[in-house]
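> After the structure tokens below, expect a handful of questions from me.
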Amino acid sequence: MARFNGFPEATLMFLGELKANNNKTWFNDNKPRYEALVREPALALIESMAGGLAEISPHFRAIPKKVGGSLMRVYRDTRFASDKTPYKTNIGIQFRHALGKDIHAPGFYLHIEPEGCFVGAGIWHPESKTLGQIRGFMDDNPAAWRKALQAPAFAREFNLEGDSLKRPPRGFAADHPLIEDLKRKDFIAIKPIEPAAIHSPRFPQSVLKDFHRTDPFMRYLCTAINVNY
């Protein structure tokens, strides 16, 4: 696989064109551009990050495969969606926990699109059992949760985002000191990144550095659901 030298300058432009021409005919006509501007550099990026990711934690995987690896499919699942456009107009790369195929576990994520790029870490829409484990662990270990969120490198760069309940979850009082966090349905930490950064050969090192900043947060979530970090 080719060495990662940065995403080409035309990558974001291509994604913008795909958004404006989101149909099978246009995509098939421009498939060679997709390969050169999106898939090939994305796979090279994933491969280049494998060693550094293992240094952060040996339990997450960087898999540079065209299908079934860390690079998310360009094809949208439109079966239950009101938006029937067939293609995703962003690059999504997920570095899943080794147990991610068997359980809903935290992971690392990289998102690239013209409207905004970001790195993320955590767990999105966990199933009810997993969500209950996180809430229960937070209730039992509130000081450690606050410490994880207040870790300087994490607090300086990341914000928690995602959906929340309007009311306290069952079993928790409305005046619980952590009620706003207990109401969360997602535990995702997001850091926006400059789109121009994706063109640098040093981009993998920058992303890994950001992933490392989430260490206290990710370690807490993994401990809450009893998976290794």
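Residues are named by chain letter and number: chains run A, B, ... in the order of the structure tokens, numbers start at 1 in each chain, and ligands are numbered from 1 in the order shown.
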Do a neighbour search on range 13-22 of chain A at 12 Å with only C-alpha atoms, toss out local chain neighbours closer than 6 positions, and write the hits as a PDB file with C-alpha atoms, in the first residue's frame.


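Output file part-v3.pdb is given in full below:
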```pdb
ATOM      1  CA  PHE A   7      -5.109  13.724   1.166  1.00  0.00           C
ATOM      2  CA  ASN A  28     -19.870   5.499 -11.580  1.00  0.00           C
ATOM      3  CA  ASP A  29     -18.496   8.016 -14.080  1.00  0.00           C
ATOM      4  CA  ASN A  30     -16.242   9.460 -11.363  1.00  0.00           C
ATOM      5  CA  LYS A  31     -15.263   6.198  -9.634  1.00  0.00           C
ATOM      6  CA  PRO A  32     -11.563   6.554 -10.587  1.00  0.00           C
ATOM      7  CA  ARG A  33     -11.523   9.968  -8.876  1.00  0.00           C
ATOM      8  CA  TYR A  34     -13.132   8.484  -5.771  1.00  0.00           C
ATOM      9  CA  GLU A  35     -10.434   5.822  -5.670  1.00  0.00           C
ATOM     10  CA  ALA A  36      -7.577   8.309  -6.098  1.00  0.00           C
ATOM     11  CA  LEU A  37      -8.909  11.145  -3.942  1.00  0.00           C
ATOM     12  CA  VAL A  38     -10.722   9.271  -1.177  1.00  0.00           C
ATOM     13  CA  ARG A  39     -10.287   5.536  -0.804  1.00  0.00           C
ATOM     14  CA  VAL A  74     -19.492   5.162   0.912  1.00  0.00           C
ATOM     15  CA  TYR A  75     -22.903   3.591   0.315  1.00  0.00           C
ATOM     16  CA  ARG A  76     -25.723   4.824   2.541  1.00  0.00           C
ATOM     17  CA  ASP A  83     -33.169  10.827   2.449  1.00  0.00           C
ATOM     18  CA  LYS A  84     -32.751   8.332  -0.395  1.00  0.00           C
ATOM     19  CA  THR A  85     -29.491   9.701  -1.810  1.00  0.00           C
ATOM     20  CA  PRO A  86     -27.239   6.669  -2.262  1.00  0.00           C
ATOM     21  CA  TYR A  87     -23.799   7.935  -1.201  1.00  0.00           C
ATOM     22  CA  LYS A  88     -22.216   9.409   1.902  1.00  0.00           C
ATOM     23  CA  THR A  89     -20.572  12.754   1.177  1.00  0.00           C
ATOM     24  CA  ASN A  90     -17.977  12.517   3.933  1.00  0.00           C
ATOM     25  CA  ILE A  91     -15.039  10.277   4.741  1.00  0.00           C
ATOM     26  CA  ILE A 112     -13.745  14.533   6.917  1.00  0.00           C
ATOM     27  CA  GLU A 113     -16.127  16.643   4.813  1.00  0.00           C
ATOM     28  CA  PRO A 114     -16.107  20.134   3.298  1.00  0.00           C
ATOM     29  CA  GLU A 115     -18.541  21.494   5.914  1.00  0.00           C
ATOM     30  CA  GLY A 116     -16.351  20.413   8.825  1.00  0.00           C
ATOM     31  CA  PRO A 195      -9.782  21.040   6.891  1.00  0.00           C
TER      32      PRO A 195
END
```

> Pick out the residues sitting within 8 Å of range 123-127 of chain A, and hand them over as an NGL selection string; count only C-alpha atoms, and ignore anything fewer than 6 positions along from it in its own chain.

:A and (104-107 or 162 or 185-188)

> Write the residues you've just listed into a file as a tab-separated table (two decimals), in the first residue's frame, and include N, CA and C atoms for each of them.


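Produced file result.tsv, reproduced below:
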```tsv
chain	number	residue	atom	x	y	z
A	104	HIS	N	-21.18	-3.45	22.09
A	104	HIS	CA	-21.13	-2.03	21.74
A	104	HIS	C	-20.06	-1.39	22.61
A	105	ALA	N	-18.87	-1.19	22.05
A	105	ALA	CA	-17.72	-0.69	22.82
A	105	ALA	C	-17.30	0.69	22.33
A	106	PRO	N	-16.60	1.46	23.15
A	106	PRO	CA	-16.08	2.76	22.72
A	106	PRO	C	-15.10	2.60	21.56
A	107	GLY	N	-14.93	3.68	20.80
A	107	GLY	CA	-14.00	3.67	19.69
A	107	GLY	C	-13.50	5.07	19.39
A	162	GLY	N	-23.82	14.99	21.43
A	162	GLY	CA	-24.73	13.88	21.27
A	162	GLY	C	-26.10	14.16	21.86
A	185	LYS	N	-27.52	10.17	26.10
A	185	LYS	CA	-27.72	8.92	25.37
A	185	LYS	C	-26.50	8.57	24.53
A	186	ASP	N	-25.61	9.54	24.36
A	186	ASP	CA	-24.33	9.35	23.67
A	186	ASP	C	-23.23	9.86	24.57
A	187	PHE	N	-22.09	9.21	24.52
A	187	PHE	CA	-20.91	9.67	25.26
A	187	PHE	C	-19.79	9.84	24.24
A	188	ILE	N	-19.87	10.97	23.53
A	188	ILE	CA	-18.97	11.25	22.42
A	188	ILE	C	-18.23	12.56	22.69
```

> For CA of Arg170 in chain A and CA of Ala148 in chain A, quote the distance in Å rounded to one decimal.

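Separating CA of Arg170 in chain A from CA of Ala148 in chain A is a distance of 24.6 Å.
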
> Which neighbours of Leu43 in chain A fall inside 9 Å, counting only C-alpha atoms, when residues of the same chain fewer than 4 positions from it are skipped, and could you give them as a VMD selection string?

chain A and resid 1 to 2 4 38 to 39 47 to 48 63 to 66 70 to 71

> Residues as selected, C-alpha atoms, written as a compact mmCIF listing (two decimals), in the first residue's frame, can you do that?


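Written file, selection_37.txt:
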```txt
# COMPACT_ATOMS: atom_id res chain seq x y z
CA MET A 1 0.00 0.00 0.00
CA ALA A 2 1.21 3.50 -0.84
CA PHE A 4 0.34 8.39 3.22
CA VAL A 38 -10.72 9.27 -1.18
CA ARG A 39 -10.29 5.54 -0.80
CA GLU A 47 -2.27 1.76 7.72
CA SER A 48 0.09 4.53 8.82
CA ILE A 63 -7.69 -2.13 9.49
CA PRO A 64 -6.79 -0.84 5.99
CA LYS A 65 -9.28 -2.94 4.00
CA LYS A 66 -11.49 -1.72 1.17
CA SER A 70 -11.76 0.95 9.40
CA LEU A 71 -12.90 2.93 6.36
```

> Which of these, A:His59, A:Arg73, A:Lys191, A:Arg167, has the shortest distance to Tyr109 in chain A once you count only C-alpha atoms?

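Once distances to Tyr109 in chain A are computed over only C-alpha atoms, the minimum belongs to A:Lys191.
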